[in-house]
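Read through the structure below, which is laid out as C-alpha cells, and then see the notes.
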Amino acid sequence: MNVQPDRPNPTLGQPPGWYNRAGMIDHTLMLDEMLVHYTLTGCGPDVILIHGWAASRRMWLHLCEVLGQNFRCWALDLPGFGDSDKPAEDWYSIPNYTAVMHRFMHAHGLERARMVGHSMGGMIALDFAATYPEAVERLVVINPVVTGRPYLHPLVQQVWSRRLFRWGLRLSPMMGSLVRHPLVDRLHPGFKHLRRRGEDFGKGTEESFWGSSRAIVTHNLEPHLERITAPTLVILGDQDAMVSNREGQLAAERIPGARQVVLRAGHLPTDDHLDETLQLIEEFFA
C-alpha cells in the first residue's frame, strides 16, 4: 500500500500555500492497484467520512471546515466515484467497500476512529462497524440504506434503467455547463449544491453506477445490526425521497443503545441544514 500526497503533509511544516481551503490537503493512496483520492484536514481524534451513491468527498468539505477544529477528518472518494479509480463492474459489493475502508485505516495506522456515512456510505459504515466492531469508536449514519431496499431489485434488472444511466452521463456535461453559469447562483443559494451533485455524477461511469446500485440492493444488513457495539447516532431527513426513513429506523431499533434524530430535511441534511447536522455530530463525538 502506497500513500502518495498530492501536496506536502501539513505535519511536516510546509507552507500554507500548498493547501486548499481551511488547511485541507488532498492525497492519493494506492489500495490493491486502485488509486483512492481523499482529503485530510484538522487535528485531534480521527473521523472518517463516507459519501453516498453518485457523490464524492466534496459533500463533506463544508462540514470538515468546522469539524476539523477539533478532529482529524478523512474524507475519501470511494472506488467508482469522484476522482478515485473506477474498477470493473463485477468488483462492486458492500463487503468489498468494507474491505477498502479497513485497508484505508490500516494504511494510515488507524486502529480506531469515529465514522460518518451517508446513504450508501451509511450502509458501508454499518457493515464496517458490524464486521470490525473494535475499530469504530462512535458511529453516525445519515439516511442510511440497511436492507438493500428490495423494491428496487426490479429496477436494476431492467435494460431500460441501465439506458437511463447511460443517457444521464451523456447529458451531464451539458447540465454541468448550465448550473455553472453565474446567473444560477442568483436564483437560489441551494443551486451550489446542485452544481456539486451534477459534477460528481459526471465523474462516474455506467459501470460504476450500475455495479454500485446492484451492490446496494443485493445486500441486507438487518441480520448483522446487533453486532454493532459502537455508540450510534442515526440522523434522518423526514422529506427524504431517495431512502425510506424505515431503513434508518430499523438501524436505530436493532443497534443496541442507538439514538435516532429526525430533521426537517431531504436526503442530504448536510446541504439542507448543515449547522444543525454539524451540531448533532459534534455533540455526539465530544
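The way I read the labels, and the way they are meant: chains A, B, ... in the order of the C-alpha cells, residue 1 as the first residue of every chain, and ligand 1 as the first ligand shown, with later ones counted on from there.
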
Exercise: range 230-245 of chain A partners within 7 Å, only C-alpha atoms, chain neighbours under 4 positions left out, as a PDB file with N, CA and C atoms, in the first residue's frame:
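Result saved to around_26.pdb:
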ATOM      1  N   PRO A 133     -16.089  -4.365  14.813  1.00  0.00           N
ATOM      2  CA  PRO A 133     -16.635  -3.537  15.897  1.00  0.00           C
ATOM      3  C   PRO A 133     -15.569  -2.864  16.749  1.00  0.00           C
ATOM      4  N   VAL A 136     -14.369   0.853  15.463  1.00  0.00           N
ATOM      5  CA  VAL A 136     -15.258   2.016  15.397  1.00  0.00           C
ATOM      6  C   VAL A 136     -15.550   2.507  16.816  1.00  0.00           C
ATOM      7  N   GLU A 137     -15.120   3.735  17.092  1.00  0.00           N
ATOM      8  CA  GLU A 137     -15.330   4.306  18.424  1.00  0.00           C
ATOM      9  C   GLU A 137     -16.744   4.852  18.581  1.00  0.00           C
ATOM     10  N   ARG A 138     -17.201   5.602  17.590  1.00  0.00           N
ATOM     11  CA  ARG A 138     -18.564   6.122  17.556  1.00  0.00           C
ATOM     12  C   ARG A 138     -19.005   6.166  16.098  1.00  0.00           C
ATOM     13  N   LEU A 139     -20.304   6.040  15.866  1.00  0.00           N
ATOM     14  CA  LEU A 139     -20.816   5.903  14.501  1.00  0.00           C
ATOM     15  C   LEU A 139     -22.015   6.813  14.285  1.00  0.00           C
ATOM     16  N   VAL A 140     -21.976   7.574  13.178  1.00  0.00           N
ATOM     17  CA  VAL A 140     -23.114   8.386  12.745  1.00  0.00           C
ATOM     18  C   VAL A 140     -23.489   7.948  11.343  1.00  0.00           C
ATOM     19  N   VAL A 141     -24.762   7.619  11.141  1.00  0.00           N
ATOM     20  CA  VAL A 141     -25.243   7.291   9.801  1.00  0.00           C
ATOM     21  C   VAL A 141     -26.398   8.232   9.466  1.00  0.00           C
ATOM     22  N   ILE A 142     -26.361   8.789   8.255  1.00  0.00           N
ATOM     23  CA  ILE A 142     -27.337   9.782   7.807  1.00  0.00           C
ATOM     24  C   ILE A 142     -28.137   9.191   6.654  1.00  0.00           C
ATOM     25  N   ASN A 143     -29.440   9.055   6.854  1.00  0.00           N
ATOM     26  CA  ASN A 143     -30.319   8.446   5.850  1.00  0.00           C
ATOM     27  C   ASN A 143     -29.697   7.183   5.250  1.00  0.00           C
ATOM     28  N   VAL A 145     -28.943   3.304   3.971  1.00  0.00           N
ATOM     29  CA  VAL A 145     -29.591   2.123   3.411  1.00  0.00           C
ATOM     30  C   VAL A 145     -29.234   0.950   4.325  1.00  0.00           C
ATOM     31  N   GLN A 249     -34.751   3.852  10.699  1.00  0.00           N
ATOM     32  CA  GLN A 249     -35.471   3.467  11.906  1.00  0.00           C
ATOM     33  C   GLN A 249     -35.148   2.033  12.298  1.00  0.00           C
ATOM     34  N   ALA A 252     -31.827   2.074  14.036  1.00  0.00           N
ATOM     35  CA  ALA A 252     -31.951   2.604  15.399  1.00  0.00           C
ATOM     36  C   ALA A 252     -32.594   1.589  16.335  1.00  0.00           C
ATOM     37  N   GLY A 257     -28.646   0.392  21.991  1.00  0.00           N
ATOM     38  CA  GLY A 257     -28.410   1.732  22.521  1.00  0.00           C
ATOM     39  C   GLY A 257     -28.380   2.843  21.502  1.00  0.00           C
ATOM     40  N   ALA A 258     -28.740   2.571  20.253  1.00  0.00           N
ATOM     41  CA  ALA A 258     -28.668   3.603  19.208  1.00  0.00           C
ATOM     42  C   ALA A 258     -29.684   4.707  19.464  1.00  0.00           C
ATOM     43  N   ARG A 259     -29.323   5.912  19.017  1.00  0.00           N
ATOM     44  CA  ARG A 259     -30.188   7.087  19.158  1.00  0.00           C
ATOM     45  C   ARG A 259     -30.601   7.556  17.777  1.00  0.00           C
ATOM     46  N   GLN A 260     -31.834   8.019  17.654  1.00  0.00           N
ATOM     47  CA  GLN A 260     -32.361   8.488  16.366  1.00  0.00           C
ATOM     48  C   GLN A 260     -32.809   9.933  16.477  1.00  0.00           C
ATOM     49  N   VAL A 261     -32.456  10.751  15.473  1.00  0.00           N
ATOM     50  CA  VAL A 261     -32.887  12.148  15.396  1.00  0.00           C
ATOM     51  C   VAL A 261     -33.465  12.378  14.009  1.00  0.00           C
ATOM     52  N   VAL A 262     -34.630  12.998  13.937  1.00  0.00           N
ATOM     53  CA  VAL A 262     -35.271  13.292  12.660  1.00  0.00           C
ATOM     54  C   VAL A 262     -35.256  14.800  12.431  1.00  0.00           C
ATOM     55  N   LEU A 263     -34.693  15.212  11.293  1.00  0.00           N
ATOM     56  CA  LEU A 263     -34.636  16.626  10.923  1.00  0.00           C
ATOM     57  C   LEU A 263     -35.651  16.917   9.823  1.00  0.00           C
ATOM     58  N   ARG A 264     -36.071  18.163   9.725  1.00  0.00           N
ATOM     59  CA  ARG A 264     -36.908  18.586   8.602  1.00  0.00           C
ATOM     60  C   ARG A 264     -35.971  18.857   7.428  1.00  0.00           C
ATOM     61  N   ALA A 265     -35.646  17.776   6.739  1.00  0.00           N
ATOM     62  CA  ALA A 265     -34.643  17.847   5.673  1.00  0.00           C
ATOM     63  C   ALA A 265     -34.915  16.752   4.662  1.00  0.00           C
ATOM     64  N   GLY A 266     -34.215  16.833   3.533  1.00  0.00           N
ATOM     65  CA  GLY A 266     -34.319  15.828   2.499  1.00  0.00           C
ATOM     66  C   GLY A 266     -33.245  14.771   2.642  1.00  0.00           C
ATOM     67  N   HIS A 267     -32.787  14.263   1.498  1.00  0.00           N
ATOM     68  CA  HIS A 267     -31.818  13.172   1.507  1.00  0.00           C
ATOM     69  C   HIS A 267     -30.451  13.630   1.993  1.00  0.00           C
ATOM     70  N   PRO A 269     -29.122  16.153   4.518  1.00  0.00           N
ATOM     71  CA  PRO A 269     -29.165  17.168   5.582  1.00  0.00           C
ATOM     72  C   PRO A 269     -27.900  18.015   5.653  1.00  0.00           C
TER      73      PRO A 269
END

So that I can check the surroundings of range 41-48 of chain A, please list as a tab-separated table (two decimals) with C-alpha atoms, in the first residue's frame every protein, DNA and RNA residue that reaches within 7 Å of it, counting only C-alpha atoms and ignoring chain neighbours fewer than 5 positions away.
chain	number	residue	atom	x	y	z
A	23	GLY	CA	-5.95	23.90	5.63
A	24	MET	CA	-7.31	20.89	3.76
A	25	ILE	CA	-4.86	18.80	1.82
A	68	GLY	CA	-11.60	19.88	11.68
A	69	GLN	CA	-11.14	22.38	14.51
A	70	ASN	CA	-11.45	19.51	17.00
A	71	PHE	CA	-10.96	16.36	14.92
A	72	ARG	CA	-8.72	14.99	12.20
A	73	CYS	CA	-11.08	14.39	9.28
A	74	TRP	CA	-10.53	11.87	6.49
A	75	ALA	CA	-12.97	12.26	3.59
A	113	ALA	CA	-11.89	6.00	14.53
A	114	ARG	CA	-15.20	7.76	14.64
A	115	MET	CA	-17.13	7.20	11.42
A	116	VAL	CA	-19.82	9.09	9.48

* **Shell around Val36 in chain A at 12 Å using only C-alpha atoms, local window under 4 positions removed, as a ChimeraX atom specification** => /A:1-6,26-32,56-57,75-87,97,100-101,103-104,107

* **Test item, strand (DSSP E) assignment across range 79-162 of chain A, answer as a list in words** => Ala113, Arg114, Met115, Val116, Gly117, His118, Val136, Glu137, Arg138, Leu139, Val140, Val141 and Ile142 of chain A

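Counting only C-alpha atoms and comparing A:Gly109, A:Ile94, A:Gly117, A:Trp210, the residue that lies closest to Leu49 in chain A is A:Gly117.
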
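Interatomic distance, CA of Thr98 in chain A to CA of Ile124 in chain A: 6.0 Å.
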